[in-house]
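The file target-v5.pdb contains PDB, C-alpha atoms and all ligand atoms:
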ATOM      1  CA  MET M 263       6.236 -14.782   1.832
ATOM      2  CA  ASP M 264       8.119 -17.753   0.457
ATOM      3  CA  GLU M 265       5.273 -18.503  -1.965
ATOM      4  CA  ILE M 266       5.208 -14.895  -3.162
ATOM      5  CA  GLU M 267       8.977 -14.822  -3.630
ATOM      6  CA  ARG M 268       8.921 -18.058  -5.622
ATOM      7  CA  GLY M 269       5.861 -17.111  -7.669
ATOM      8  CA  LYS M 270       3.773 -20.100  -6.648
ATOM      9  CA  PRO M 271       0.042 -19.774  -7.516
ATOM     10  CA  PRO M 272      -1.820 -17.560  -6.839
ATOM     11  CA  PHE M 273       1.317 -15.415  -6.919
ATOM     12  CA  ALA M 274       2.433 -16.289 -10.459
ATOM     13  CA  ASN M 275       2.339 -13.747 -13.297
ATOM     14  CA  ILE M 276       2.525 -10.637 -11.143
ATOM     15  CA  ASP M 277       2.628  -7.478 -13.296
ATOM     16  CA  ALA M 278       3.989  -5.029 -10.774
ATOM     17  CA  LEU M 279       5.397  -4.915  -7.266
ATOM     18  CA  LEU M 280       4.642  -1.567  -5.647
ATOM     19  CA  ILE M 281       6.549  -0.652  -2.503
ATOM     20  CA  SER M 282       5.234   2.193  -0.381
ATOM     21  CA  HIS M 283       8.175   2.910   1.906
ATOM     22  CA  VAL M 284      11.388   1.723   3.452
ATOM     23  CA  HIS M 285      10.070   0.448   6.826
ATOM     24  CA  ALA M 286      10.813  -3.205   7.516
ATOM     25  CA  ASP M 287       7.157  -4.246   7.601
ATOM     26  CA  HIS M 288       6.726  -2.908   4.047
ATOM     27  CA  PHE M 289      10.076  -3.608   2.397
ATOM     28  CA  ASN M 290      12.693  -6.314   2.774
ATOM     29  CA  LEU M 291      15.717  -6.139   0.476
ATOM     30  CA  PRO M 292      16.755  -9.850   0.278
ATOM     31  CA  SER M 293      13.132 -10.831  -0.225
ATOM     32  CA  THR M 294      12.679  -8.263  -3.014
ATOM     33  CA  VAL M 295      15.863  -9.433  -4.763
ATOM     34  CA  ARG M 296      14.726 -13.086  -4.596
ATOM     35  CA  PHE M 297      11.342 -12.043  -5.940
ATOM     36  CA  LEU M 298      12.925 -10.231  -8.907
ATOM     37  CA  LYS M 299      14.974 -13.292  -9.854
ATOM     38  CA  THR M 300      11.932 -15.582  -9.946
ATOM     39  CA  HIS M 301       9.676 -13.011 -11.677
ATOM     40  CA  PRO M 302      11.662 -11.991 -14.769
ATOM     41  CA  ALA M 303       8.839  -9.844 -16.190
ATOM     42  CA  THR M 304       7.585  -8.064 -13.073
ATOM     43  CA  ILE M 305       8.345  -4.379 -12.688
ATOM     44  CA  VAL M 306       8.984  -2.676  -9.353
ATOM     45  CA  VAL M 307       7.909   0.842  -8.444
ATOM     46  CA  ALA M 308       9.289   2.254  -5.211
ATOM     47  CA  PRO M 309      10.279   5.568  -3.641
ATOM     48  CA  ASP M 310      13.870   6.676  -4.102
ATOM     49  CA  GLN M 311      14.912   5.552  -0.581
ATOM     50  CA  VAL M 312      13.880   2.001  -1.514
ATOM     51  CA  SER M 313      14.868   1.894  -5.185
ATOM     52  CA  LYS M 314      18.413   3.049  -4.296
ATOM     53  CA  GLN M 315      18.841  -0.014  -2.071
ATOM     54  CA  ILE M 316      17.503  -2.339  -4.761
ATOM     55  CA  HIS M 317      19.771  -0.771  -7.404
ATOM     56  CA  LYS M 318      22.805  -1.336  -5.189
ATOM     57  CA  ALA M 319      21.888  -4.956  -4.525
ATOM     58  CA  LEU M 320      21.364  -5.695  -8.231
ATOM     59  CA  THR M 321      24.589  -4.146  -9.546
ATOM     60  CA  GLY M 322      25.517  -5.862 -12.803
ATOM     61  CA  ASP M 323      22.117  -7.454 -13.399
ATOM     62  CA  SER M 324      20.959  -5.157 -16.172
ATOM     63  CA  GLN M 325      17.830  -7.186 -16.938
ATOM     64  CA  ALA M 326      16.563  -6.790 -13.367
ATOM     65  CA  LEU M 327      17.779  -3.188 -13.091
ATOM     66  CA  SER M 328      15.748  -2.197 -16.142
ATOM     67  CA  ARG M 329      12.594  -3.198 -14.260
ATOM     68  CA  ILE M 330      13.160  -0.939 -11.232
ATOM     69  CA  HIS M 331      11.325   2.383 -11.423
ATOM     70  CA  THR M 332      11.557   5.175  -8.897
ATOM     71  CA  ALA M 333       8.104   6.515  -8.007
ATOM     72  CA  THR M 334       7.635  10.166  -8.849
ATOM     73  CA  LEU M 335       6.229  11.880  -5.755
ATOM     74  CA  GLU M 336       5.032  15.383  -6.619
ATOM     75  CA  GLN M 337       3.476  17.513  -3.920
ATOM     76  CA  ASN M 338       0.461  18.586  -5.940
ATOM     77  CA  SER M 339      -0.320  15.964  -8.567
ATOM     78  CA  ILE M 340      -0.566  12.239  -9.224
ATOM     79  CA  THR M 341       2.100  11.059 -11.679
ATOM     80  CA  THR M 342       0.982   8.139 -13.817
ATOM     81  CA  ARG M 343       2.833   5.519 -15.826
ATOM     82  CA  ASP M 344       1.336   2.832 -18.057
ATOM     83  CA  GLU M 345       2.838  -0.611 -17.789
ATOM     84  CA  GLY M 346       1.317  -3.343 -19.927
ATOM     85  CA  GLY M 347      -2.321  -2.432 -19.428
ATOM     86  CA  VAL M 348      -1.898  -1.306 -15.839
ATOM     87  CA  ARG M 349      -2.003   2.401 -15.032
ATOM     88  CA  ILE M 350       0.050   3.169 -11.943
ATOM     89  CA  GLY M 351      -0.277   6.589 -10.321
ATOM     90  CA  SER M 352       1.959   7.689  -7.469
ATOM     91  CA  PHE M 353       1.900  10.597  -5.028
ATOM     92  CA  PRO M 354       3.318  11.343  -1.558
ATOM     93  CA  LEU M 355       1.539  11.181   1.802
ATOM     94  CA  THR M 356       3.414  12.067   4.974
ATOM     95  CA  HIS M 357       4.755   9.256   7.162
ATOM     96  CA  GLY M 358       7.198  10.634   9.734
ATOM     97  CA  ASN M 359      10.241  11.938   7.892
ATOM     98  CA  ILE M 360      10.576   9.176   5.315
ATOM     99  CA  GLU M 361       9.276   8.939   1.742
ATOM    100  CA  ASN M 362       5.863   7.282   1.706
ATOM    101  CA  ALA M 363       4.344   6.583  -1.699
ATOM    102  CA  ALA M 364       0.618   6.241  -2.198
ATOM    103  CA  TYR M 365      -0.425   4.341  -5.337
ATOM    104  CA  LEU M 366      -3.547   4.683  -7.428
ATOM    105  CA  VAL M 367      -3.775   1.720  -9.785
ATOM    106  CA  VAL M 368      -6.269   1.248 -12.615
ATOM    107  CA  LEU M 369      -6.522  -2.324 -13.829
ATOM    108  CA  ASP M 370      -9.366  -3.906 -15.794
ATOM    109  CA  ARG M 371     -11.519  -0.824 -15.144
ATOM    110  CA  ARG M 372     -11.039  -1.216 -11.392
ATOM    111  CA  THR M 373      -9.394   1.581  -9.440
ATOM    112  CA  VAL M 374      -7.417   0.619  -6.375
ATOM    113  CA  LEU M 375      -5.742   2.943  -3.890
ATOM    114  CA  HIS M 376      -2.987   2.044  -1.416
ATOM    115  CA  ILE M 377      -1.834   4.844   0.869
ATOM    116  CA  GLY M 378       1.111   3.134   2.535
ATOM    117  CA  ASP M 379       1.467   4.080   6.191
ATOM    118  CA  ALA M 380       0.098   7.619   5.820
ATOM    119  CA  ASP M 381       0.142   9.428   9.160
ATOM    120  CA  LEU M 382      -2.849  11.129  10.721
ATOM    121  CA  PRO M 383      -4.375  13.524   9.851
ATOM    122  CA  MET M 384      -3.459  13.156   6.119
ATOM    123  CA  LYS M 385      -3.172  16.877   5.578
ATOM    124  CA  GLY M 386      -2.849  17.763   1.909
ATOM    125  CA  LEU M 387      -4.915  14.823   0.715
ATOM    126  CA  ALA M 388      -7.600  17.027  -0.833
ATOM    127  CA  GLN M 389      -5.257  18.374  -3.538
ATOM    128  CA  PHE M 390      -5.089  14.958  -5.246
ATOM    129  CA  GLY M 391      -8.818  14.956  -6.049
ATOM    130  CA  LEU M 392      -9.293  11.308  -5.153
ATOM    131  CA  SER M 393     -13.014  11.635  -4.475
ATOM    132  CA  HIS M 394     -13.574  12.179  -8.233
ATOM    133  CA  ARG M 395     -11.639   9.085  -9.223
ATOM    134  CA  ARG M 396     -14.331   6.518  -8.379
ATOM    135  CA  ILE M 397     -12.069   4.388  -6.245
ATOM    136  CA  ASP M 398     -13.284   0.809  -5.954
ATOM    137  CA  LEU M 399     -10.910  -0.438  -3.282
ATOM    138  CA  ALA M 400      -8.821   1.563  -0.834
ATOM    139  CA  PHE M 401      -6.149  -0.060   1.331
ATOM    140  CA  VAL M 402      -5.939   2.167   4.395
ATOM    141  CA  PRO M 403      -4.124   1.752   7.737
ATOM    142  CA  PHE M 404      -6.730   1.126  10.421
ATOM    143  CA  TRP M 405      -5.838   4.292  12.337
ATOM    144  CA  GLN M 406      -7.199   6.364   9.459
ATOM    145  CA  LEU M 407     -10.528   4.549   9.808
ATOM    146  CA  THR M 408     -10.804   4.847  13.593
ATOM    147  CA  ASP M 409      -9.336   8.334  14.067
ATOM    148  CA  ASN M 410      -9.936  10.009  10.733
ATOM    149  CA  PRO M 411     -13.137   8.492   9.296
ATOM    150  CA  LYS M 412     -14.616  11.734   7.936
ATOM    151  CA  ARG M 413     -11.572  12.495   5.815
ATOM    152  CA  VAL M 414     -11.447   8.950   4.464
ATOM    153  CA  GLN M 415     -15.170   9.037   3.656
ATOM    154  CA  THR M 416     -15.148  12.425   1.945
ATOM    155  CA  LEU M 417     -11.659  12.728   0.438
ATOM    156  CA  ILE M 418     -11.118   9.114  -0.654
ATOM    157  CA  ALA M 419     -14.772   8.067  -0.993
ATOM    158  CA  ALA M 420     -13.960   4.459  -1.915
ATOM    159  CA  LYS M 421     -16.703   1.897  -2.489
ATOM    160  CA  VAL M 422     -14.856  -0.541  -0.251
ATOM    161  CA  VAL M 423     -12.104   0.110   2.268
ATOM    162  CA  ILE M 424      -9.686  -2.575   3.357
ATOM    163  CA  PRO M 425      -8.126  -1.860   6.745
ATOM    164  CA  MET M 426      -4.404  -2.618   6.943
ATOM    165  CA  HIS M 427      -2.121  -3.172   9.887
ATOM    166  CA  LEU M 428      -4.817  -4.865  11.976
ATOM    167  CA  ILE M 429      -2.827  -5.736  15.048
ATOM    168  CA  THR M 430      -3.490  -9.247  16.335
ATOM    169  CA  ASN M 431      -0.764  -9.544  18.904
ATOM    170  CA  PRO M 432       0.677  -6.216  20.044
ATOM    171  CA  THR M 433       4.301  -6.722  21.040
ATOM    172  CA  THR M 434       6.013  -3.377  20.514
ATOM    173  CA  ASP M 435       5.340  -0.308  22.668
ATOM    174  CA  THR M 436       3.925   1.473  19.632
ATOM    175  CA  SER M 437       1.439  -1.278  18.801
ATOM    176  CA  LYS M 438       0.478  -1.712  22.475
ATOM    177  CA  GLY M 439      -0.113   2.044  22.725
ATOM    178  CA  PHE M 440      -2.224   1.955  19.569
ATOM    179  CA  MET M 441      -4.374  -0.874  20.846
ATOM    180  CA  GLU M 442      -4.909   0.891  24.148
ATOM    181  CA  HIS M 443      -5.817   4.073  22.310
ATOM    182  CA  VAL M 444      -8.530   2.368  20.227
ATOM    183  CA  GLY M 445      -9.842   0.345  23.186
ATOM    184  CA  GLY M 446      -8.641  -3.078  22.046
ATOM    185  CA  ARG M 447      -8.965  -5.080  18.864
ATOM    186  CA  GLU M 448     -12.662  -5.934  19.106
ATOM    187  CA  ARG M 449     -13.633  -2.340  19.764
ATOM    188  CA  MET M 450     -11.438  -1.192  16.882
ATOM    189  CA  LEU M 451     -13.107  -3.632  14.470
ATOM    190  CA  ARG M 452     -16.572  -2.628  15.701
ATOM    191  CA  GLN M 453     -15.760   1.030  15.189
ATOM    192  CA  ILE M 454     -14.520   0.362  11.645
ATOM    193  CA  ARG M 455     -17.679  -1.586  10.789
ATOM    194  CA  ILE M 456     -19.902   1.225  12.098
ATOM    195  CA  CYS M 457     -18.160   4.009  10.148
ATOM    196  CA  PHE M 458     -17.478   1.839   7.076
ATOM    197  CA  PRO M 459     -20.282  -0.717   6.651
ATOM    198  CA  ASN M 460     -18.700  -1.757   3.326
ATOM    199  CA  ALA M 461     -15.277  -2.417   4.802
ATOM    200  CA  ALA M 462     -13.722  -5.698   3.707
ATOM    201  CA  ILE M 463     -11.918  -6.917   6.783
ATOM    202  CA  PHE M 464      -9.307  -9.638   6.358
ATOM    203  CA  LEU M 465      -8.642 -11.497   9.595
ATOM    204  CA  ALA M 466      -6.638 -14.528   8.502
ATOM    205  CA  PRO M 467      -3.542 -14.951   6.321
ATOM    206  CA  LEU M 468      -4.362 -15.783   2.683
ATOM    207  CA  GLU M 469      -8.066 -15.151   3.216
ATOM    208  CA  THR M 470      -9.620 -14.237  -0.166
ATOM    209  CA  LYS M 471     -12.570 -12.069  -1.160
ATOM    210  CA  SER M 472     -13.942 -11.311  -4.624
ATOM    211  CA  PHE M 473     -15.094  -7.890  -5.800
TER     212      PHE M 473
HETATM  213 ZN    ZN U 501       5.721   2.571   8.157
END
As structure tokens - that is how I would like this structure written.
Ligand SMILES: [Zn+2]
Amino acid sequence: MDEIERGKPPFANIDALLISHVHADHFNLPSTVRFLKTHPATIVVAPDQVSKQIHKALTGDSQALSRIHTATLEQNSITTRDEGGVRIGSFPLTHGNIENAAYLVVLDRRTVLHIGDADLPMKGLAQFGLSHRRIDLAFVPFWQLTDNPKRVQTLIAAKVVIPMHLITNPTTDTSKGFMEHVGGRERMLRQIRICFPNAAIFLAPLETKSF
């Protein structure tokens, strides 16, 4: 995280920081503020619950404030914005009772989807027409791949899925329950590989893959 905050390679020249939702494993206010100070050209897109906190923390810093954008989350369409050659689309997917932004990013003719921590069963996904968008990479929480594979295959239809939230060391009751539910980490990974032979599974920090 320190390297990202300070913009050390390969984390220099970041165009946009997209934040899906307010949960602590997806957003940290002091870290975001540090990041904005060391990346004077990077824009931030975040749901209102997050952008409000950032706005408050940056009071008086008009240069940084001008780079904070609240994601538009419409129930029935993807809202897009163009930022220096990057097309950023945003739309909502349910995650408990908080705002969870999904992002569809087009960059260098590659289309990348990140669905935040979308809950099962992702009702309402069909209305966004993602299967026609030729998604190259989709970042998806692993529970969508183990418990909802059909929907991910047909409604997202990405060339490559990247499972997120792979639990290595379950410590909380929620993560322990999850691991029990999927029959342990090895079984979970096996199941993902069977349903998604093209999954790109990252197992170590800073592991890299090229697409
Ligand atoms: Zn979450």
Calculate how many Å separate atom CA of Ala380 of chain M from atom CA of Arg452 of chain M, rounding to one decimal.
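Those two atoms sit 21.9 Å apart.
This file, queried with the PyMOL selection byres (((not hetatm)) within 9 of (chain U and resi 501)), gives the residues Ser282, His283, Val284, His285, Ala286, Asp287, His288, His357, Gly358, Ile360, Asn362, Gly378, Asp379, Ala380 and Asp381 of chain M.
The smallest atom-to-atom distance between His331 of chain M and any of M:Ser293, M:Leu375, M:Arg349, M:Ile281, using all atoms listed in the file, is found for M:Ile281.
Here the question is which of M:Pro354, M:Pro411, M:Gly269, M:Gly439 gets nearest to Pro459 of chain M using only C-alpha atoms, and that residue is M:Pro411.
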Excluding Ile330 of chain M and any residue of its chain fewer than 3 positions from it, enumerate the residues within 10 Å of it, using only C-alpha atoms, and give them as a list of chain:residue names.
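Returned residues: M:Leu279, M:Leu298, M:Thr304, M:Ile305, M:Val306, M:Val307, M:Ala308, M:Ser313, M:Lys314, M:Ile316, M:His317, M:Leu320, M:Gln325, M:Ala326, M:Leu327, M:Ala333.
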On this structure, the PyMOL selection byres (((chain M and resi 450) around 12) and not hetatm) would catch which residues? List them as an mmCIF file with C-alpha atoms, in the coordinates of the input, sorted by chain and number.
data_model
loop_
_atom_site.group_PDB
_atom_site.id
_atom_site.type_symbol
_atom_site.label_atom_id
_atom_site.label_comp_id
_atom_site.auth_asym_id
_atom_site.auth_seq_id
_atom_site.Cartn_x
_atom_site.Cartn_y
_atom_site.Cartn_z
ATOM 1 C CA PHE M 404 -6.730 1.126 10.421
ATOM 2 C CA TRP M 405 -5.838 4.292 12.337
ATOM 3 C CA GLN M 406 -7.199 6.364 9.459
ATOM 4 C CA LEU M 407 -10.528 4.549 9.808
ATOM 5 C CA THR M 408 -10.804 4.847 13.593
ATOM 6 C CA ASP M 409 -9.336 8.334 14.067
ATOM 7 C CA PRO M 425 -8.126 -1.860 6.745
ATOM 8 C CA HIS M 427 -2.121 -3.172 9.887
ATOM 9 C CA LEU M 428 -4.817 -4.865 11.976
ATOM 10 C CA ILE M 429 -2.827 -5.736 15.048
ATOM 11 C CA THR M 430 -3.490 -9.247 16.335
ATOM 12 C CA PHE M 440 -2.224 1.955 19.569
ATOM 13 C CA MET M 441 -4.374 -0.874 20.846
ATOM 14 C CA GLU M 442 -4.909 0.891 24.148
ATOM 15 C CA HIS M 443 -5.817 4.073 22.310
ATOM 16 C CA VAL M 444 -8.530 2.368 20.227
ATOM 17 C CA GLY M 445 -9.842 0.345 23.186
ATOM 18 C CA GLY M 446 -8.641 -3.078 22.046
ATOM 19 C CA ARG M 447 -8.965 -5.080 18.864
ATOM 20 C CA GLU M 448 -12.662 -5.934 19.106
ATOM 21 C CA ARG M 449 -13.633 -2.340 19.764
ATOM 22 C CA LEU M 451 -13.107 -3.632 14.470
ATOM 23 C CA ARG M 452 -16.572 -2.628 15.701
ATOM 24 C CA GLN M 453 -15.760 1.030 15.189
ATOM 25 C CA ILE M 454 -14.520 0.362 11.645
ATOM 26 C CA ARG M 455 -17.679 -1.586 10.789
ATOM 27 C CA ILE M 456 -19.902 1.225 12.098
ATOM 28 C CA CYS M 457 -18.160 4.009 10.148
ATOM 29 C CA PHE M 458 -17.478 1.839 7.076
ATOM 30 C CA ILE M 463 -11.918 -6.917 6.783
#
Straight-line distance linking atom CA of Asn460 of chain M with atom CA of Pro271 of chain M, stated in Å to one decimal:
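Pair atom CA of Asn460 of chain M / atom CA of Pro271 of chain M returns 28.2 Å.
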